[in-house]
Amino acid sequence: MDNKLIAEMLDEIADMLSLEEKPTTRFEIRAYKKASLNIATMQEPIEEVYQNGGAKALMEIPGIGKGIAGNIEEFIKTGKMKKYSDLKKKYPVNMKELTSIQGIGAKKAILLYRNLKVKDIKTLKDALKLHKVKELPGFGEKSEESIEKGLAMYEAEKGRMLLGEALPEAESIIKKLTASGLVENAIVAGSSRRMRETVGDLDILAISKTPDKAMEFFAGMDNVSDVILKGPTKTTVRLKIGLNCDFRVLEPKSFGAGVQYFTGSRDHNIQVRTIAVKNGYKLNEYGLFDNNGNIITSEREESIYEELGMQWMPPEMREARGEVKLSLEHRIPRLVELGDIKGDLHSHTKETDGSNSLEEMVGAAIESGFEYLAVTNHTKSLKIARGMDDKQFIKFFEKIDRINEKVSGKITVLKGAEVDILKNGELDLSNKTLKEMDCAVCAVHSFFNMNEEEMTARVIKAMESGLVNVLAHPTGRLIKERQGYRINIEKIADAAERNNVALEINSWPDRLDLNDTNILLASKFNVMFSIDTDSHSTSNFRFIRYGVGTARRGWLKKESVVNAMGVKDLLKKFGK
């Protein structure tokens, strides 16, 4: 039983509760959503939490009260959750599937079911094919078109999993393999090593003196649901999380060549093999060979590139986007690394939609090794997140002053906000309040359907206010759920450069916004970037690795990352 399953059930309960018309439901929905988020981002298996401390231990998880703890306890004990089952009888719709489609929320899903008997993707396709959706009240032609686009995106991403879900699973498997003593040098390869935002399957490579025993151990792990193929040096399994995983045992003498080959990407490998052929060599997963079949090198990945007159490059760059030419010219940049990040400029506390107190978030930031943390709660227009008004922020800043006195020398807590950019480009707080801040983050949370020209002008107006320091999640996309709004990244980058505003790379696994393509596009300008976690709980600070991975895919150097600066230089950069 994994955290993801329980988190999804609680999230679906929240969606179904949103259809109930009771005064207390609003608070219940928020509770279930918060509990779902916290469980989904926990590192410790929730079943272990319960086994070690019962329902009382479950209630120590932020956002979980007595009722939700009881539901989880019931599911752990019996495999059933009455609240979930009762709501499913009332609303027999695959809410998770339908609400994954852009343009369909919980209420629209139920309208589709009540009017057209749409209860899953198959029946939605049937309704769209007959163009019945646009005839429903509250939908219309544009809504039908939006759902069709959302369905196409869903189909394109089907079978792929967020990197933030897949990579920890791969690392868990490697940890178990290594602890078994049966393998050495175990490494994750493929798109996970390249830090792609979604993963279609997992590739794990290792060296073993007893490959048959290693294969047996791998096939029998509790992560595995089915064994698809089992051989002496390669086994393919279906994991319980819903991905296939290939495990290969390589010969020590060809390990480097295997790592290079199985890391990919396919197009990158084709370009490298072409260079090998031009030099009179042959390159495959076993090594680099001359025309007589004599091995030139194979044990180290770096040596493969060296023998071809190339500079080794980080895996994140290997997407055939010009890195091979740079490598031949020995101009591969030193990319930003996780250890370069000195602080986080985007986080939330329970005053709005966070799960933890200011004190808890600051403590977790210290444990994460940050030198500073900007606390950036939502502003009043975002009612769903219980956004704060000017008076509430000024009062909250007094609280930050007090905690800074307590933690002096350990971390600096910066006053901030994630201030809404309103439809007309105005900001959701007074100038006076914004001037009190060390780090004002601005973001779009509404009116996503504006055309590109209008949205671009709206965001630029906010940046030109001279009152904001970071543009958060600049395209508003949610991977596998929602395409970004239409916005001209080059114009945004130009405005960011002119107005000394950093563009955020949001590390939340289903955002990673800006993505690598847009980072490369924006990097044509002399613009700074901020790699932030958007943490809503203490466990979210670990997401920073995904933001750094995305930055590396966009070829970013440390010098281009504003929160790789120390706090004094950062505040000077922001004019504070």
# chains A, B, ... in the order shown; residues from 1 in each chain; ligands from 1
>>> residues_around(residues="range 339-351 of chain A", least_positions_apart="4", cutoff="6 Å", atoms="only C-alpha atoms", output="PyMOL selection string")
chain A and resi 355-358+370-377+532+534-536+563-564
>>> residues_around(residues="range 82-87 of chain A", least_positions_apart="2", cutoff="12 Å", atoms="only C-alpha atoms", output="ChimeraX atom specification")
/A:6,8-20,32,67-68,70-75,78-80,89-95
>>> write_last_selection(atoms="C-alpha atoms", output="PDB file, in the first residue's frame")
ATOM      1  CA  ILE A   6      -4.504   6.954  -0.203  1.00  0.00           C
ATOM      2  CA  GLU A   8      -5.695   9.975  -4.541  1.00  0.00           C
ATOM      3  CA  MET A   9      -8.686   8.586  -2.627  1.00  0.00           C
ATOM      4  CA  LEU A  10      -8.747  11.576  -0.266  1.00  0.00           C
ATOM      5  CA  ASP A  11      -8.433  13.956  -3.205  1.00  0.00           C
ATOM      6  CA  GLU A  12     -11.325  12.245  -4.962  1.00  0.00           C
ATOM      7  CA  ILE A  13     -13.416  12.487  -1.779  1.00  0.00           C
ATOM      8  CA  ALA A  14     -12.743  16.244  -1.803  1.00  0.00           C
ATOM      9  CA  ASP A  15     -13.863  16.469  -5.444  1.00  0.00           C
ATOM     10  CA  MET A  16     -17.078  14.571  -4.719  1.00  0.00           C
ATOM     11  CA  LEU A  17     -17.740  16.642  -1.591  1.00  0.00           C
ATOM     12  CA  SER A  18     -17.562  19.778  -3.727  1.00  0.00           C
ATOM     13  CA  LEU A  19     -20.868  18.636  -5.258  1.00  0.00           C
ATOM     14  CA  GLU A  20     -22.629  18.535  -1.883  1.00  0.00           C
ATOM     15  CA  TYR A  32      -9.332  16.489   2.544  1.00  0.00           C
ATOM     16  CA  GLY A  67     -12.119  11.981  11.021  1.00  0.00           C
ATOM     17  CA  ILE A  68      -9.592  11.642   8.206  1.00  0.00           C
ATOM     18  CA  GLY A  70     -10.197   7.244  11.056  1.00  0.00           C
ATOM     19  CA  ASN A  71     -10.774   6.880   7.312  1.00  0.00           C
ATOM     20  CA  ILE A  72      -7.102   6.076   6.718  1.00  0.00           C
ATOM     21  CA  GLU A  73      -7.029   3.617   9.632  1.00  0.00           C
ATOM     22  CA  GLU A  74     -10.101   1.858   8.236  1.00  0.00           C
ATOM     23  CA  PHE A  75      -8.466   1.541   4.801  1.00  0.00           C
ATOM     24  CA  THR A  78      -9.703  -3.482   5.790  1.00  0.00           C
ATOM     25  CA  GLY A  79      -8.696  -2.216   2.350  1.00  0.00           C
ATOM     26  CA  LYS A  80     -11.958  -0.234   2.262  1.00  0.00           C
ATOM     27  CA  LYS A  89     -22.324   5.172  -5.022  1.00  0.00           C
ATOM     28  CA  LYS A  90     -23.816   8.649  -5.101  1.00  0.00           C
ATOM     29  CA  TYR A  91     -21.447   9.905  -7.834  1.00  0.00           C
ATOM     30  CA  PRO A  92     -20.423   6.830  -9.922  1.00  0.00           C
ATOM     31  CA  VAL A  93     -17.870   8.741 -11.973  1.00  0.00           C
ATOM     32  CA  ASN A  94     -14.139   8.218 -12.451  1.00  0.00           C
ATOM     33  CA  MET A  95     -13.395  11.667 -11.040  1.00  0.00           C
TER      34      MET A  95
END
>>> select_by_dssp(residues="range 472-571 of chain A", states="helix (DSSP H, G or I)", output="JSON, numbers by chain")
{"A": [489, 490, 491, 492, 493, 494, 495, 496, 497, 498, 499, 516, 517, 518, 519, 520, 521, 522, 538, 539, 540, 541, 542, 543, 544, 545, 546, 547, 548, 549, 550, 551, 552, 553, 558, 559, 560, 562, 563, 564, 567, 568, 569, 570, 571]}
>>> closest_residue(among="A:Tyr50, A:Trp555, A:Phe447, A:Phe289", to="Arg318 in chain A", atoms="only C-alpha atoms")
A:Trp555
>>> residues_around(residues="range 415-422 of chain A", least_positions_apart="4", cutoff="9 Å", atoms="only C-alpha atoms", output="VMD selection string")
chain A and resid 345 to 348 373 to 382 393 396 to 397 400 to 401 426 to 429 434 436 to 447 458 to 459 462 468 472
>>> write_last_selection(atoms="N, CA and C atoms", output="CSV table (one decimal), in the first residue's frame")
chain,number,residue,atom,x,y,z
A,345,LEU,N,12.8,31.2,-2.4
A,345,LEU,CA,12.1,32.5,-2.4
A,345,LEU,C,10.6,32.3,-2.6
A,346,HIS,N,10.1,31.1,-2.3
A,346,HIS,CA,8.6,30.9,-2.5
A,346,HIS,C,8.2,29.8,-1.6
A,347,SER,N,7.4,30.2,-0.6
A,347,SER,CA,6.9,29.2,0.4
A,347,SER,C,5.7,29.7,1.1
A,348,HIS,N,4.9,28.8,1.7
A,348,HIS,CA,3.6,29.1,2.2
A,348,HIS,C,3.5,28.5,3.6
A,373,LEU,N,15.0,32.1,3.7
A,373,LEU,CA,13.7,31.6,3.3
A,373,LEU,C,12.7,32.7,3.2
A,374,ALA,N,12.2,32.9,2.0
A,374,ALA,CA,11.1,33.9,1.8
A,374,ALA,C,9.8,33.3,2.0
A,375,VAL,N,9.0,33.8,2.9
A,375,VAL,CA,7.6,33.3,3.2
A,375,VAL,C,6.7,34.2,2.4
A,376,THR,N,6.0,33.5,1.4
A,376,THR,CA,5.2,34.3,0.4
A,376,THR,C,3.8,33.8,0.4
A,377,ASN,N,3.0,34.1,1.4
A,377,ASN,CA,1.6,33.6,1.4
A,377,ASN,C,0.8,34.3,0.4
A,378,HIS,N,-0.4,33.7,0.0
A,378,HIS,CA,-1.2,34.2,-1.0
A,378,HIS,C,-1.9,35.5,-0.6
A,379,THR,N,-2.4,36.3,-1.6
A,379,THR,CA,-3.1,37.5,-1.3
A,379,THR,C,-4.6,37.4,-1.4
A,380,LYS,N,-5.3,38.4,-1.1
A,380,LYS,CA,-6.7,38.3,-0.8
A,380,LYS,C,-7.6,37.9,-1.9
A,381,SER,N,-7.2,38.1,-3.2
A,381,SER,CA,-8.0,37.7,-4.3
A,381,SER,C,-8.1,36.2,-4.5
A,382,LEU,N,-7.1,35.5,-4.0
A,382,LEU,CA,-7.2,34.0,-4.1
A,382,LEU,C,-7.9,33.5,-2.9
A,393,PHE,N,-1.0,41.0,6.4
A,393,PHE,CA,0.4,40.8,6.0
A,393,PHE,C,1.3,41.7,7.0
A,396,PHE,N,1.6,39.8,10.1
A,396,PHE,CA,2.4,38.6,9.9
A,396,PHE,C,3.9,39.0,9.8
A,397,PHE,N,4.2,40.1,9.3
A,397,PHE,CA,5.6,40.6,9.2
A,397,PHE,C,6.2,40.8,10.6
A,400,ILE,N,7.4,37.6,11.7
A,400,ILE,CA,8.6,37.3,11.0
A,400,ILE,C,9.8,38.0,11.8
A,401,ASP,N,9.6,39.2,12.2
A,401,ASP,CA,10.6,39.9,12.9
A,401,ASP,C,10.9,39.2,14.2
A,426,GLU,N,-2.9,45.0,-12.4
A,426,GLU,CA,-2.6,45.6,-11.1
A,426,GLU,C,-2.2,44.5,-10.1
A,427,LEU,N,-1.6,44.9,-9.0
A,427,LEU,CA,-1.2,43.9,-8.0
A,427,LEU,C,-2.3,43.9,-6.9
A,428,ASP,N,-2.3,42.8,-6.2
A,428,ASP,CA,-3.4,42.6,-5.2
A,428,ASP,C,-3.2,43.1,-3.8
A,429,LEU,N,-2.1,43.9,-3.7
A,429,LEU,CA,-1.9,44.5,-2.4
A,429,LEU,C,-1.5,46.0,-2.6
A,434,LEU,N,3.6,46.3,-0.2
A,434,LEU,CA,4.6,45.7,-1.1
A,434,LEU,C,6.0,46.3,-0.8
A,436,GLU,N,7.2,47.1,2.0
A,436,GLU,CA,7.6,46.5,3.3
A,436,GLU,C,8.3,45.2,3.1
A,437,MET,N,8.2,44.6,1.9
A,437,MET,CA,8.7,43.2,1.6
A,437,MET,C,10.1,43.2,1.2
A,438,ASP,N,10.8,42.1,1.6
A,438,ASP,CA,12.1,41.8,1.1
A,438,ASP,C,12.1,41.1,-0.3
A,439,CYS,N,11.0,40.3,-0.5
A,439,CYS,CA,10.9,39.6,-1.7
A,439,CYS,C,9.4,39.4,-2.1
A,440,ALA,N,9.0,40.2,-3.1
A,440,ALA,CA,7.6,40.1,-3.5
A,440,ALA,C,7.6,39.2,-4.8
A,441,VAL,N,6.8,38.1,-4.7
A,441,VAL,CA,6.6,37.2,-5.8
A,441,VAL,C,5.3,37.5,-6.4
A,442,CYS,N,5.2,37.6,-7.7
A,442,CYS,CA,3.9,37.9,-8.4
A,442,CYS,C,3.5,36.7,-9.2
A,443,ALA,N,2.2,36.5,-9.4
A,443,ALA,CA,1.8,35.3,-10.2
A,443,ALA,C,0.3,35.5,-10.7
A,444,VAL,N,0.1,34.8,-11.8
A,444,VAL,CA,-1.3,34.7,-12.4
A,444,VAL,C,-2.0,33.5,-11.8
A,445,HIS,N,-3.2,33.7,-11.3
A,445,HIS,CA,-4.0,32.6,-10.8
A,445,HIS,C,-5.5,32.6,-11.3
A,446,SER,N,-5.7,33.5,-12.3
A,446,SER,CA,-7.1,33.6,-12.8
A,446,SER,C,-7.1,34.1,-14.2
A,447,PHE,N,-8.3,34.0,-14.8
A,447,PHE,CA,-8.5,34.4,-16.2
A,447,PHE,C,-7.4,33.9,-17.2
A,458,ARG,N,-0.6,42.0,-19.5
A,458,ARG,CA,-1.0,41.9,-18.1
A,458,ARG,C,0.2,41.7,-17.2
A,459,VAL,N,1.0,40.7,-17.6
A,459,VAL,CA,2.1,40.3,-16.7
A,459,VAL,C,3.2,41.3,-16.8
A,462,ALA,N,2.6,44.2,-14.5
A,462,ALA,CA,2.9,43.9,-13.1
A,462,ALA,C,4.4,44.0,-12.8
A,468,VAL,N,7.9,44.2,-7.6
A,468,VAL,CA,8.0,42.8,-7.5
A,468,VAL,C,9.4,42.3,-7.9
A,472,ALA,N,6.4,34.2,-10.5
A,472,ALA,CA,6.3,32.8,-10.2
A,472,ALA,C,5.6,32.0,-11.3
>>> atom_distance(atom1="CA of Tyr286 in chain A", atom2="CA of Ser298 in chain A")
6.7 Å
>>> residues_around(residues="range 150-162 of chain A", least_positions_apart="2", cutoff="7 Å", atoms="only C-alpha atoms", output="ChimeraX atom specification")
/A:101-103,146-148,164-166,197-200,480,509-510
>>> closest_residue(among="A:Met565, A:Ser254, A:Leu182, A:Val272", to="Ile296 in chain A", atoms="only C-alpha atoms")
A:Ser254
>>> closest_residue(among="A:Val118, A:Ile304, A:Val562, A:Leu514", to="Val527 in chain A", atoms="only C-alpha atoms")
A:Val562
>>> closest_residue(among="A:Thr475, A:Asp353, A:Val237, A:Phe262", to="Met221 in chain A", atoms="only C-alpha atoms")
A:Val237
>>> residues_around(residues="Ser180 in chain A", least_positions_apart="6", cutoff="12 Å", atoms="only C-alpha atoms", output="VMD selection string")
chain A and resid 173 to 174 186 208 210 213 to 218 221
>>> residues_around(residues="Val324 in chain A", least_positions_apart="4", cutoff="8 Å", atoms="only C-alpha atoms", output="PyMOL selection string")
chain A and resi 268+271-272+310+320+328
>>> atom_distance(atom1="CA of Glu184 in chain A", atom2="CA of Val548 in chain A")
27.0 Å
>>> residues_around(residues="Ala493 in chain A", least_positions_apart="6", cutoff="12 Å", atoms="only C-alpha atoms", output="VMD selection string")
chain A and resid 456 459 to 460 463 470 to 471 474 487 499 to 504 514 518 to 529
>>> closest_residue(among="A:Gly231, A:Ile479, A:Glu44, A:Ile366", to="Ser172 in chain A", atoms="only C-alpha atoms")
A:Glu44
